[in-house]
>>> print(open('query_17.cif').read())   # mmCIF, C-alpha atoms
data_work
#
loop_
_atom_site.group_PDB
_atom_site.id
_atom_site.type_symbol
_atom_site.label_atom_id
_atom_site.label_comp_id
_atom_site.auth_asym_id
_atom_site.auth_seq_id
_atom_site.Cartn_x
_atom_site.Cartn_y
_atom_site.Cartn_z
ATOM 1 C CA MET A 127 0.000 0.000 0.000
ATOM 2 C CA VAL A 128 1.027 3.644 -0.473
ATOM 3 C CA GLU A 129 2.513 5.396 2.491
ATOM 4 C CA LEU A 130 1.860 9.043 3.096
ATOM 5 C CA ASN A 131 4.976 10.505 4.563
ATOM 6 C CA SER A 132 7.210 13.525 4.050
ATOM 7 C CA THR A 133 8.527 12.320 0.686
ATOM 8 C CA VAL A 134 5.082 12.831 -0.831
ATOM 9 C CA TRP A 135 5.268 16.499 0.133
ATOM 10 C CA ILE A 136 8.749 16.809 -1.302
ATOM 11 C CA GLN A 137 7.649 15.129 -4.500
ATOM 12 C CA MET A 138 4.664 17.504 -4.767
ATOM 13 C CA ALA A 139 6.924 20.527 -4.278
ATOM 14 C CA ASN A 140 9.360 19.074 -6.791
ATOM 15 C CA PHE A 141 6.526 18.558 -9.270
ATOM 16 C CA LEU A 142 5.204 22.113 -8.855
ATOM 17 C CA LEU A 143 8.748 23.513 -9.236
ATOM 18 C CA LEU A 144 9.198 21.481 -12.408
ATOM 19 C CA ILE A 145 5.887 22.744 -13.837
ATOM 20 C CA PHE A 146 6.933 26.351 -13.099
ATOM 21 C CA ILE A 147 10.375 25.909 -14.703
ATOM 22 C CA LEU A 148 8.967 24.062 -17.741
ATOM 23 C CA ASN A 149 6.276 26.690 -18.122
ATOM 24 C CA PHE A 150 8.900 29.430 -18.138
ATOM 25 C CA LEU A 151 11.505 27.626 -20.280
ATOM 26 C CA LEU A 152 9.428 25.448 -22.628
ATOM 27 C CA TYR A 153 5.699 26.107 -22.804
ATOM 28 C CA LYS A 154 5.724 29.897 -23.142
ATOM 29 C CA PRO A 155 8.445 29.976 -25.877
ATOM 30 C CA VAL A 156 6.728 27.189 -27.815
ATOM 31 C CA LEU A 157 3.362 28.952 -27.534
ATOM 32 C CA LYS A 158 4.991 32.220 -28.721
ATOM 33 C CA ILE A 159 6.490 30.415 -31.741
ATOM 34 C CA ILE A 160 3.139 28.810 -32.545
ATOM 35 C CA GLU A 161 1.388 32.180 -32.218
ATOM 36 C CA LYS A 162 3.976 33.823 -34.539
ATOM 37 C CA ARG A 163 3.473 31.043 -37.082
ATOM 38 C CA ASN A 164 -0.295 31.438 -36.892
ATOM 39 C CA LYS A 165 0.073 35.194 -37.451
ATOM 40 C CA LYS A 166 2.395 34.588 -40.432
ATOM 41 C CA ILE A 167 -0.033 32.058 -41.871
ATOM 42 C CA GLU A 168 -2.928 34.471 -41.380
ATOM 43 C CA LYS A 169 -0.931 37.293 -43.001
ATOM 44 C CA SER A 170 0.013 34.999 -45.903
ATOM 45 C CA ASN A 171 -3.634 34.008 -46.334
ATOM 46 C CA GLU A 172 -4.617 37.679 -46.458
ATOM 47 C CA GLU A 173 -1.912 38.354 -49.056
ATOM 48 C CA VAL A 174 -3.065 35.369 -51.098
ATOM 49 C CA MET A 175 -6.669 36.591 -50.961
ATOM 50 C CA SER A 176 -5.537 40.088 -51.989
ATOM 51 C CA LEU A 177 -3.493 38.684 -54.858
ATOM 52 C CA ASN A 178 -6.408 36.485 -55.923
ATOM 53 C CA GLU A 179 -8.665 39.545 -56.006
ATOM 54 C CA THR A 180 -6.057 41.435 -58.035
ATOM 55 C CA VAL A 181 -5.683 38.533 -60.448
ATOM 56 C CA GLU A 182 -9.453 38.199 -60.834
ATOM 57 C CA ARG A 183 -9.755 41.949 -61.442
ATOM 58 C CA ASN A 184 -6.948 41.809 -64.024
ATOM 59 C CA ILE A 185 -8.549 38.818 -65.717
ATOM 60 C CA ALA A 186 -11.874 40.655 -65.852
ATOM 61 C CA GLU A 187 -10.157 43.726 -67.344
ATOM 62 C CA TYR A 188 -8.330 41.537 -69.854
ATOM 63 C CA GLU A 189 -11.545 39.779 -70.875
ATOM 64 C CA GLU A 190 -13.293 43.145 -71.207
ATOM 65 C CA LYS A 191 -10.462 44.435 -73.414
ATOM 66 C CA ILE A 192 -10.628 41.269 -75.528
ATOM 67 C CA ARG A 193 -14.404 41.626 -75.855
ATOM 68 C CA GLN A 194 -14.030 45.293 -76.797
ATOM 69 C CA ALA A 195 -11.301 44.486 -79.329
ATOM 70 C CA LYS A 196 -13.515 41.816 -80.908
ATOM 71 C CA ALA A 197 -16.418 44.263 -81.059
ATOM 72 C CA ASP A 198 -14.180 46.923 -82.628
ATOM 73 C CA ALA A 199 -12.834 44.406 -85.140
ATOM 74 C CA ALA A 200 -16.367 43.308 -86.044
ATOM 75 C CA ALA A 201 -17.424 46.950 -86.467
ATOM 76 C CA GLN A 202 -14.395 47.655 -88.673
ATOM 77 C CA ARG A 203 -15.050 44.513 -90.695
ATOM 78 C CA ASP A 204 -18.677 45.532 -91.219
ATOM 79 C CA GLU A 205 -17.641 49.075 -92.118
ATOM 80 C CA ILE A 206 -15.063 47.851 -94.640
ATOM 81 C CA LYS A 207 -17.563 45.381 -96.047
ATOM 82 C CA GLU A 208 -20.151 48.152 -96.405
ATOM 83 C CA GLU A 209 -17.595 50.441 -98.084
ATOM 84 C CA GLY A 210 -16.672 47.644 -100.473
ATOM 85 C CA THR A 211 -20.315 47.031 -101.275
ATOM 86 C CA GLU A 212 -20.876 50.751 -101.884
ATOM 87 C CA GLN A 213 -17.784 50.976 -104.096
ATOM 88 C CA GLY A 214 -18.912 47.874 -105.980
ATOM 89 C CA LYS A 215 -22.343 49.412 -106.558
ATOM 90 C CA MET A 216 -20.740 52.688 -107.634
ATOM 91 C CA ILE A 217 -18.384 50.938 -110.050
ATOM 92 C CA THR A 218 -21.216 48.779 -111.371
ATOM 93 C CA GLY A 219 -23.353 51.902 -111.870
ATOM 94 C CA LYS A 220 -20.532 53.666 -113.708
ATOM 95 C CA VAL A 221 -19.947 50.640 -115.925
ATOM 96 C CA ARG A 222 -23.679 50.381 -116.671
ATOM 97 C CA ASP A 223 -23.825 54.079 -117.537
ATOM 98 C CA GLU A 224 -20.741 53.707 -119.709
ATOM 99 C CA ILE A 225 -22.190 50.642 -121.432
ATOM 100 C CA SER A 226 -25.498 52.440 -121.979
ATOM 101 C CA LYS A 227 -23.644 55.430 -123.451
ATOM 102 C CA LYS A 228 -21.550 53.186 -125.691
ATOM 103 C CA ILE A 229 -24.649 51.307 -126.815
ATOM 104 C CA GLY A 230 -26.362 54.643 -127.562
ATOM 105 C CA ASP A 231 -23.314 55.895 -129.462
ATOM 106 C CA PHE A 232 -23.113 52.582 -131.321
ATOM 107 C CA LYS A 233 -26.819 52.781 -132.263
ATOM 108 C CA ALA A 234 -26.374 56.388 -133.402
ATOM 109 C CA ASP A 235 -23.330 55.419 -135.474
ATOM 110 C CA MET A 236 -25.210 52.431 -136.910
ATOM 111 C CA GLU A 237 -28.220 54.603 -137.838
ATOM 112 C CA LYS A 238 -25.895 57.137 -139.427
ATOM 113 C CA GLU A 239 -24.110 54.415 -141.391
ATOM 114 C CA VAL A 240 -27.429 52.799 -142.340
ATOM 115 C CA ASP A 241 -28.732 56.187 -143.528
ATOM 116 C CA GLU A 242 -25.518 56.774 -145.489
ATOM 117 C CA ALA A 243 -25.721 53.265 -146.959
ATOM 118 C CA ARG A 244 -29.383 53.823 -147.888
ATOM 119 C CA GLY A 245 -28.524 57.118 -149.516
ATOM 120 C CA ALA A 246 -25.677 55.510 -151.437
ATOM 121 C CA LEU A 247 -27.894 52.579 -152.406
ATOM 122 C CA ARG A 248 -30.670 54.950 -153.448
ATOM 123 C CA ASP A 249 -28.272 56.826 -155.688
ATOM 124 C CA GLN A 250 -26.906 53.578 -157.102
ATOM 125 C CA THR A 251 -30.437 52.236 -157.529
ATOM 126 C CA ARG A 252 -31.433 55.302 -159.542
ATOM 127 C CA LYS A 253 -28.315 55.022 -161.646
ATOM 128 C CA ILE A 254 -28.812 51.287 -162.242
ATOM 129 C CA ALA A 255 -32.520 51.863 -162.927
ATOM 130 C CA GLY A 256 -31.576 54.544 -165.467
ATOM 131 C CA ASP A 257 -29.014 52.235 -167.092
ATOM 132 C CA ILE A 258 -31.502 49.378 -167.268
ATOM 133 C CA SER A 259 -34.180 51.696 -168.701
ATOM 134 C CA GLU A 260 -31.797 52.934 -171.381
ATOM 135 C CA LYS A 261 -30.853 49.401 -172.347
ATOM 136 C CA VAL A 262 -34.419 48.156 -172.365
ATOM 137 C CA LEU A 263 -35.827 51.163 -174.195
ATOM 138 C CA GLY A 264 -32.775 51.661 -176.274
ATOM 139 C CA ARG A 265 -32.762 55.365 -175.777
ATOM 140 C CA GLY A 266 -31.659 57.838 -173.087
ATOM 141 C CA ILE A 267 -33.965 58.966 -170.387
#
>>> encode(input="query_17.cif", output="structure tokens")
Amino acid sequence: MVELNSTVWIQMANFLLLIFILNFLLYKPVLKIIEKRNKKIEKSNEEVMSLNETVERNIAEYEEKIRQAKADAAAQRDEIKEEGTEQGKMITGKVRDEISKKIGDFKADMEKEVDEARGALRDQTRKIAGDISEKVLGRGI
């Protein structure tokens, strides 16, 4: 059985002294180190969150710039396409006008040549008719 004598009191005092010394030399420094680490980790987490927000903001700005650039490119493409269409219509209109003018000039030239040919044929017809009449009648007309 356990005896309760003076050594129990000495052991208790020894135990309390050891707790005090360990508290001063071991527990408090370890707790301070753990607290510093926790603060560093918390600070690092805050920095990471801040950087994440910055990255997300930059990504959003980048995507907005890309979207804007695509919209600008589409607008330019449509504008150039419209200009090309207008120029094509203008050129086509000019060519049609030119063709119409050339056709009109050609018709006028053809009518002039036809009239000249008819006049020449009329004169030749009269001459031939006169020649034939002279030969058939045997006398001059």
>>> atom_distance(input="query_17.cif", atom1="atom CA of A:Ile145", atom2="atom CA of A:Lys158")
17.7 Å
>>> atom_distance(input="query_17.cif", atom1="atom CA of A:Gln213", atom2="atom CA of A:Phe232")
27.8 Å
>>> atom_distance(input="query_17.cif", atom1="atom CA of A:Asp235", atom2="atom CA of A:Arg252")
25.4 Å
>>> axis_aligned_box(input="query_17.cif", around="stretch 246-257 of chain A", padding_each_side="3 Å", output="lines of an AutoDock Vina configuration file")
center_x = -29.1
center_y = 54.1
center_z = -159.3
size_x = 12.8
size_y = 11.5
size_z = 21.7
